[in-house]
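Trainee: One structure coming up, written as structure tokens, with questions to follow.
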Amino acid sequence: MKTNAPKTVTWIISVVLIVIGLIGKLTNTGIDFIQGGNAFWWTFAGGLLSVLAAVLKGL
């Protein structure tokens, strides 16, 4: 399987999603849609976007 480097914008979005998830999990921000069970999904979405960008060409 050949992997590709993700575009800069895709990589930045992925990192932002992962950071939002980590902030929601590790801190007490008081923002409900970031904390709790949603923190896992923010981090998962960022990681999945990163993997898809490496596998799919042009993402």
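For the structure tokens, the naming scheme is as follows: chains receive sequential letters (A, B, ...) according to their order of presentation, residues are indexed from 1 within each chain, and ligands are indexed from 1 in presentation order.
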Just list as a PyMOL selection string whatever in chain A DSSP marks as alpha helix (DSSP H).
Mentor: chain A and resi 8-26+37-55
Trainee: Report, in Å with one decimal, the straight-line distance from atom CA of A:Leu59 to atom CA of A:Ile12.
Mentor: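 Atom CA of A:Ile12 lies at a distance of 12.3 Å from atom CA of A:Leu59.
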Trainee: Near A:Lys57, within 10 Å and counting only C-alpha atoms, which residues show up once chain neighbours fewer than 2 positions away are dropped, as a list in words?
Mentor: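 Non-adjacent residues within range: Lys2, Thr3, Asn4, Ala5, Pro6, Lys7, Leu52, Ala53, Ala54, Val55 and Leu59 of chain A.
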Trainee: Could you state the separation of atom CA of A:Asp32 and atom CA of A:Thr8 in Å, given to one decimal place?
Mentor: 29.4 Å
Trainee: Between atom CA of A:Leu17 and atom CA of A:Ala45, measure the distance and give it in Å to one decimal.
Mentor: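 Atom-to-atom, atom CA of A:Leu17 to atom CA of A:Ala45, that is 6.9 Å.
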Trainee: If we count only C-alpha atoms, what is near stretch 22-30 of chain A at a cut-off of 12 Å, once residues fewer than 5 positions away on the same chain are taken out, given as a VMD selection string?
Mentor: chain A and resid 15 to 17 35 to 44 46 to 47
